[in-house]
Amino acid sequence: MHKGKVLVTGGTGYIGSHTIIDLIESGYEPICVDNGCNSDPDTLEKVSMLTNKILAFYPIDLCDQTKLERIFNDHQFVGIIHFAALKAVGDSVKYPIQYFKNNLNSTLNILEMALKYGVKNLIFSSSCTVYGNAENIPVTEDTPWQEAESPYGRTKQMGEQIIKDSFKNTDHKAILLRYFNPAGAHTSGQLGEAPSTPAQNLVPVITETAIGKRNKMMVFGSDYATRDGSCIRDFIHIMDLARAHTQALDYLIEGNQISTTDVYNLGIGEGVTVLEAINAFEKVSGNQLNYEIGPRRPGDVIAIYANYEKANKNLGWSPKYGINEIMETAWEWEKNRSKVEDE
Ligand SMILES: NC(=O)c1ccc[n+]([C@@H]2O[C@H](COP(=O)([O-])OP(=O)(O)OC[C@H]3O[C@@H](n4cnc5c(N)ncnc54)[C@H](O)[C@@H]3O)[C@@H](O)[C@H]2O)c1
């Protein structure tokens with residue numbers, strides 16, 4: 001069944017490319033746009049290989065409204081999934097203007113086009129970073145926001161608010177998905193996280209250390225008030241996360257959402273400490289990781305994990321995978337990726 005065309009922004013990126021696979025498997029026709037500032041357009045070849053589908057691809061910058069509008073002239077969409085953004089927290093502190101310009105202008109352009117061309121359903125990539133150092137965990141969607149920890153976090157808070165205001169008093173609907181820590185790779189081992197800028201998330205840092213791309217890795221802090229002193233995070237498998245987007249889009253298209261905008265947490269509801277994540281990696285890979293315990297890193301949230309009951313109840317979503325599958329698939333992907341790089 002052809003469920004219609006979906007514009008996927010940031011589609012050659014980590015979460016976008018995995019979501020495109022899930023969308024295709026569910027009967028949607030994704031149309032991809034990405035300027036390649038943090039990804040490789042060749043990713044789409046892998047997606048085609050895994051799905052036997054050739055995708056329409058526009059290698060443009062979303063901040064260029066004239067070019068963006070051409071896509072809306074070329075296609076009629078049933079929905080938009082807006083992933084594209086710059087996402088490195090540290091860089092956002094160094095280059096706040098670049099982050100605000102890119103993340104906000106691209107979102108504003110997408111919203112303007114959605115309204116102009118009557119594309120009624122929008123899914124937006126938000127983040128648990130909007131909660132800051134949350135007072136209570138697990139975090140529910142009603143947990144109050146704290147001051148953003150970085151300009152990146154603020155672009156997510158502002159992005160959410162801009163979408164709410166723009167769709168207010170219209171018949172457009174949006175779902176804001178607040179991801180916790182996406183990790184792992186496609187179960188084929190052929191697709192995974194491959195940023196153009198150095199990886200900063202824990203799981204790729206672990207696998208890159210194990211394969212020898214880094215000499216050692218640092219665990220930031222061992223004296224937090226957690227069960228082993230390291231920070232606690234909620235790691236969600238990339239394929240679970242990808243499926244949540246398809247389910248959220250189905251939900252909107254089927255007319256199930258009454259409010260104009262709604263928000264969902266996407267995590268697996270379990271906190272894993274950094275040291276537990278390292279242990280899980282060592283267990284599934286049989287490798288011993290060269291890591292050092294260092295001082296706390298400024299800006300790190302001590303512990304955060306999700307309550308995902310709302311996504312379960314409304315979207316019918318629940319995670320299939322845990323930290324072991326995350327490490328297994330991430331390791332498989334790292335080994336395959338390194339083989340190709342060596343050739
Ligand atoms: N990965 C995470 O840990 C995480 C956590 C929470 C939220 N998010 C959000 O999810 C979304 C996707 O994240 P990801 O991990 O796949 O990141 P990613 O960097 O792999 O993908 C983002 C893609 O957007 C593209 N892009 C950026 N600005 C663009 C522009 N102006 N025009 C066209 N393309 C542009 C990049 O080239 C990249 O391919 C982002 O909005 C990110 O902020 C990610």
# chains A, B, ... in the order shown; residues from 1 in each chain; ligands from 1
$ residues_near_ligand --ligand "ligand 1" --cutoff "8 Å" --atoms "only C-alpha atoms and all ligand atoms" --output "PyMOL selection string"
chain A and resi 9-17+33-40+59-63+82-87+102-103+105-106+124-129+152+156+178-183+193-195+201
$ write_last_selection --atoms "N, CA and C atoms" --output "short mmCIF file (atom, residue, chain, number, x, y, z; two decimals), in the first residue's frame"
data_model
loop_
_atom_site.label_atom_id
_atom_site.label_comp_id
_atom_site.auth_asym_id
_atom_site.auth_seq_id
_atom_site.Cartn_x
_atom_site.Cartn_y
_atom_site.Cartn_z
N THR A 9 13.65 15.78 6.19
CA THR A 9 14.80 16.70 6.19
C THR A 9 15.90 16.08 7.06
N GLY A 10 17.15 16.28 6.66
CA GLY A 10 18.24 15.64 7.40
C GLY A 10 18.23 14.14 7.18
N GLY A 11 17.76 13.74 5.99
CA GLY A 11 17.53 12.32 5.71
C GLY A 11 18.78 11.48 5.51
N THR A 12 19.95 12.12 5.26
CA THR A 12 21.15 11.30 5.15
C THR A 12 21.87 11.22 6.50
N GLY A 13 21.31 11.88 7.51
CA GLY A 13 21.91 11.83 8.85
C GLY A 13 21.58 10.52 9.56
N TYR A 14 22.03 10.45 10.78
CA TYR A 14 21.93 9.21 11.57
C TYR A 14 20.47 8.77 11.76
N ILE A 15 19.68 9.60 12.40
CA ILE A 15 18.30 9.17 12.70
C ILE A 15 17.45 9.20 11.43
N GLY A 16 17.70 10.21 10.58
CA GLY A 16 16.91 10.32 9.35
C GLY A 16 17.05 9.09 8.46
N SER A 17 18.27 8.61 8.27
CA SER A 17 18.47 7.49 7.34
C SER A 17 17.80 6.21 7.87
N VAL A 33 15.88 15.42 1.88
CA VAL A 33 16.65 16.64 1.66
C VAL A 33 17.72 16.74 2.74
N ASP A 34 18.94 17.08 2.29
CA ASP A 34 20.05 17.20 3.26
C ASP A 34 21.18 17.97 2.56
N ASN A 35 21.80 18.89 3.26
CA ASN A 35 22.91 19.63 2.62
C ASN A 35 24.26 18.97 2.89
N GLY A 36 24.26 17.83 3.60
CA GLY A 36 25.49 17.08 3.81
C GLY A 36 26.47 17.72 4.78
N CYS A 37 26.01 18.69 5.58
CA CYS A 37 26.97 19.35 6.47
C CYS A 37 27.43 18.42 7.60
N ASN A 38 26.66 17.37 7.88
CA ASN A 38 27.14 16.40 8.88
C ASN A 38 26.83 14.98 8.48
N SER A 39 26.85 14.71 7.18
CA SER A 39 26.57 13.34 6.74
C SER A 39 27.06 13.17 5.32
N ASP A 40 27.00 11.93 4.88
CA ASP A 40 27.51 11.59 3.56
C ASP A 40 26.31 11.18 2.69
N PRO A 59 19.98 17.70 -2.53
CA PRO A 59 21.13 18.09 -1.68
C PRO A 59 21.16 19.60 -1.46
N ILE A 60 20.19 20.12 -0.78
CA ILE A 60 20.12 21.59 -0.62
C ILE A 60 20.10 21.99 0.85
N ASP A 61 20.36 23.27 1.06
CA ASP A 61 20.32 23.83 2.41
C ASP A 61 18.90 24.33 2.68
N LEU A 62 18.32 23.90 3.78
CA LEU A 62 16.94 24.30 4.10
C LEU A 62 16.81 25.79 4.37
N CYS A 63 17.94 26.43 4.64
CA CYS A 63 17.88 27.88 4.88
C CYS A 63 17.67 28.64 3.56
N HIS A 82 10.96 16.54 10.29
CA HIS A 82 12.02 17.55 10.25
C HIS A 82 13.14 17.20 11.25
N PHE A 83 14.16 16.51 10.70
CA PHE A 83 15.32 16.11 11.52
C PHE A 83 16.44 17.14 11.44
N ALA A 84 16.56 17.81 10.26
CA ALA A 84 17.79 18.58 9.99
C ALA A 84 18.08 19.61 11.06
N ALA A 85 19.26 19.56 11.59
CA ALA A 85 19.72 20.55 12.58
C ALA A 85 21.19 20.31 12.83
N LEU A 86 21.86 21.34 13.34
CA LEU A 86 23.21 21.13 13.88
C LEU A 86 23.01 20.68 15.32
N LYS A 87 23.84 19.72 15.79
CA LYS A 87 23.48 19.10 17.07
C LYS A 87 24.63 18.97 18.08
N ASN A 102 21.02 28.34 11.65
CA ASN A 102 20.73 27.10 10.93
C ASN A 102 19.46 26.44 11.45
N ASN A 103 19.41 26.24 12.76
CA ASN A 103 18.30 25.43 13.29
C ASN A 103 16.98 26.19 13.26
N ASN A 105 16.23 29.08 11.23
CA ASN A 105 15.81 29.44 9.87
C ASN A 105 15.30 28.22 9.10
N SER A 106 15.96 27.09 9.28
CA SER A 106 15.48 25.91 8.54
C SER A 106 14.08 25.53 9.04
N PHE A 124 8.60 16.76 14.56
CA PHE A 124 9.81 17.55 14.82
C PHE A 124 10.73 16.81 15.79
N SER A 125 12.03 16.81 15.45
CA SER A 125 13.04 16.20 16.32
C SER A 125 13.38 17.14 17.46
N SER A 126 12.85 16.84 18.63
CA SER A 126 13.27 17.60 19.80
C SER A 126 14.16 16.69 20.65
N SER A 127 14.38 17.09 21.87
CA SER A 127 15.40 16.38 22.64
C SER A 127 15.10 16.49 24.13
N CYS A 128 15.59 15.50 24.88
CA CYS A 128 15.43 15.58 26.33
C CYS A 128 16.23 16.73 26.90
N THR A 129 17.07 17.33 26.07
CA THR A 129 17.86 18.47 26.52
C THR A 129 16.95 19.64 26.93
N TYR A 152 22.41 25.02 21.68
CA TYR A 152 21.74 23.91 20.97
C TYR A 152 20.40 23.59 21.66
N LYS A 156 16.20 23.89 20.47
CA LYS A 156 15.13 22.89 20.55
C LYS A 156 13.93 23.46 21.30
N ARG A 178 10.66 14.10 21.82
CA ARG A 178 11.85 14.41 22.63
C ARG A 178 12.65 13.13 22.83
N TYR A 179 13.73 13.04 22.04
CA TYR A 179 14.56 11.83 22.11
C TYR A 179 15.44 11.89 23.34
N PHE A 180 15.69 10.73 23.91
CA PHE A 180 16.69 10.63 24.96
C PHE A 180 18.03 10.34 24.27
N ASN A 181 18.67 9.20 24.44
CA ASN A 181 19.99 9.04 23.80
C ASN A 181 19.96 7.99 22.70
N PRO A 182 19.73 8.41 21.46
CA PRO A 182 19.70 7.44 20.36
C PRO A 182 21.07 6.77 20.19
N ALA A 183 21.06 5.47 19.99
CA ALA A 183 22.34 4.77 19.86
C ALA A 183 22.10 3.44 19.13
N GLU A 193 25.76 5.24 12.79
CA GLU A 193 26.12 6.64 13.01
C GLU A 193 27.47 6.91 12.35
N ALA A 194 27.51 7.89 11.44
CA ALA A 194 28.78 8.18 10.74
C ALA A 194 28.90 9.68 10.54
N PRO A 195 29.00 10.44 11.61
CA PRO A 195 29.02 11.90 11.45
C PRO A 195 30.29 12.38 10.77
N ASN A 201 28.90 11.35 21.03
CA ASN A 201 28.01 10.55 21.87
C ASN A 201 28.74 9.33 22.38
#
$ closest_atom_pairs --of "range 156-190 of chain A" --to "range 330-339 of chain A" --cutoff "12 Å" --atoms "only C-alpha atoms" --output "Markdown table"
| residue | atom | partner | partner_atom | distance |
| --- | --- | --- | --- | --- |
| A:Pro182 | CA | A:Ala330 | CA | 11.2 |
| A:Ala183 | CA | A:Ala330 | CA | 7.5 |
| A:Gly184 | CA | A:Ala330 | CA | 4.4 |
| A:Ala185 | CA | A:Ala330 | CA | 5.1 |
| A:His186 | CA | A:Trp333 | CA | 7.9 |
| A:Thr187 | CA | A:Glu332 | CA | 8.6 |
| A:Ser188 | CA | A:Trp333 | CA | 8.3 |
| A:Gly189 | CA | A:Trp333 | CA | 4.5 |
| A:Gln190 | CA | A:Trp333 | CA | 6.2 |
$ write_last_selection --atoms "N, CA and C atoms" --output "PDB file, in the first residue's frame"
ATOM      1  N   PRO A 182      19.734   8.407  21.458  1.00  0.00           N
ATOM      2  CA  PRO A 182      19.696   7.439  20.363  1.00  0.00           C
ATOM      3  C   PRO A 182      21.069   6.775  20.188  1.00  0.00           C
ATOM      4  N   ALA A 183      21.056   5.475  19.993  1.00  0.00           N
ATOM      5  CA  ALA A 183      22.338   4.767  19.857  1.00  0.00           C
ATOM      6  C   ALA A 183      22.099   3.440  19.134  1.00  0.00           C
ATOM      7  N   GLY A 184      23.214   2.802  18.744  1.00  0.00           N
ATOM      8  CA  GLY A 184      23.104   1.532  18.037  1.00  0.00           C
ATOM      9  C   GLY A 184      23.015   1.762  16.534  1.00  0.00           C
ATOM     10  N   ALA A 185      22.813   0.665  15.807  1.00  0.00           N
ATOM     11  CA  ALA A 185      22.848   0.733  14.348  1.00  0.00           C
ATOM     12  C   ALA A 185      21.796  -0.195  13.764  1.00  0.00           C
ATOM     13  N   HIS A 186      21.624  -0.099  12.433  1.00  0.00           N
ATOM     14  CA  HIS A 186      20.678  -0.995  11.754  1.00  0.00           C
ATOM     15  C   HIS A 186      21.141  -2.435  11.964  1.00  0.00           C
ATOM     16  N   THR A 187      20.189  -3.338  12.110  1.00  0.00           N
ATOM     17  CA  THR A 187      20.540  -4.716  12.457  1.00  0.00           C
ATOM     18  C   THR A 187      21.349  -5.417  11.353  1.00  0.00           C
ATOM     19  N   SER A 188      21.344  -4.864  10.132  1.00  0.00           N
ATOM     20  CA  SER A 188      22.161  -5.440   9.047  1.00  0.00           C
ATOM     21  C   SER A 188      23.651  -5.173   9.268  1.00  0.00           C
ATOM     22  N   GLY A 189      23.972  -4.200  10.109  1.00  0.00           N
ATOM     23  CA  GLY A 189      25.373  -3.795  10.291  1.00  0.00           C
ATOM     24  C   GLY A 189      25.875  -2.914   9.154  1.00  0.00           C
ATOM     25  N   GLN A 190      24.986  -2.556   8.216  1.00  0.00           N
ATOM     26  CA  GLN A 190      25.403  -1.781   7.031  1.00  0.00           C
ATOM     27  C   GLN A 190      25.180  -0.283   7.180  1.00  0.00           C
TER      28      GLN A 190
END
$ residues_around --residues "Gln161 in chain A" --least-positions-apart "3" --cutoff "12 Å" --atoms "only C-alpha atoms" --output "list of chain:residue names"
A:Leu104, A:Thr107, A:Leu108, A:Phe124, A:Ser126, A:Val130, A:Arg154, A:Thr155, A:Lys156, A:Gln157, A:Met158, A:Lys164, A:Asp165, A:Ser166, A:Phe167, A:Lys168, A:Ala174, A:Leu176, A:Thr261, A:Asp262, A:Val263
$ residues_around --residues "Leu23 in chain A" --least-positions-apart "3" --cutoff "9 Å" --atoms "only C-alpha atoms" --output "PyMOL selection string"
chain A and resi 6+18-20+26-30+242-243+245-246
$ write_last_selection --atoms "C-alpha atoms" --output "CSV table (one decimal), in the first residue's frame"
chain,number,residue,atom,x,y,z
A,6,VAL,CA,6.9,12.2,3.2
A,18,HIS,CA,17.2,4.8,9.7
A,19,THR,CA,13.8,6.4,9.8
A,20,ILE,CA,13.7,6.4,6.0
A,26,SER,CA,5.7,0.8,6.3
A,27,GLY,CA,4.6,1.9,2.8
A,28,TYR,CA,5.5,5.6,2.7
A,29,GLU,CA,7.6,7.2,0.0
A,30,PRO,CA,10.3,9.3,1.6
A,242,ALA,CA,12.9,5.2,13.8
A,243,ARG,CA,9.7,3.2,14.2
A,245,HIS,CA,8.5,8.3,13.8
A,246,THR,CA,6.4,6.1,11.5
$ closest_residue --among "A:Lys216, A:Arg233, A:Lys173, A:Lys116" --to "Ala303 in chain A" --atoms "only C-alpha atoms"
A:Arg233
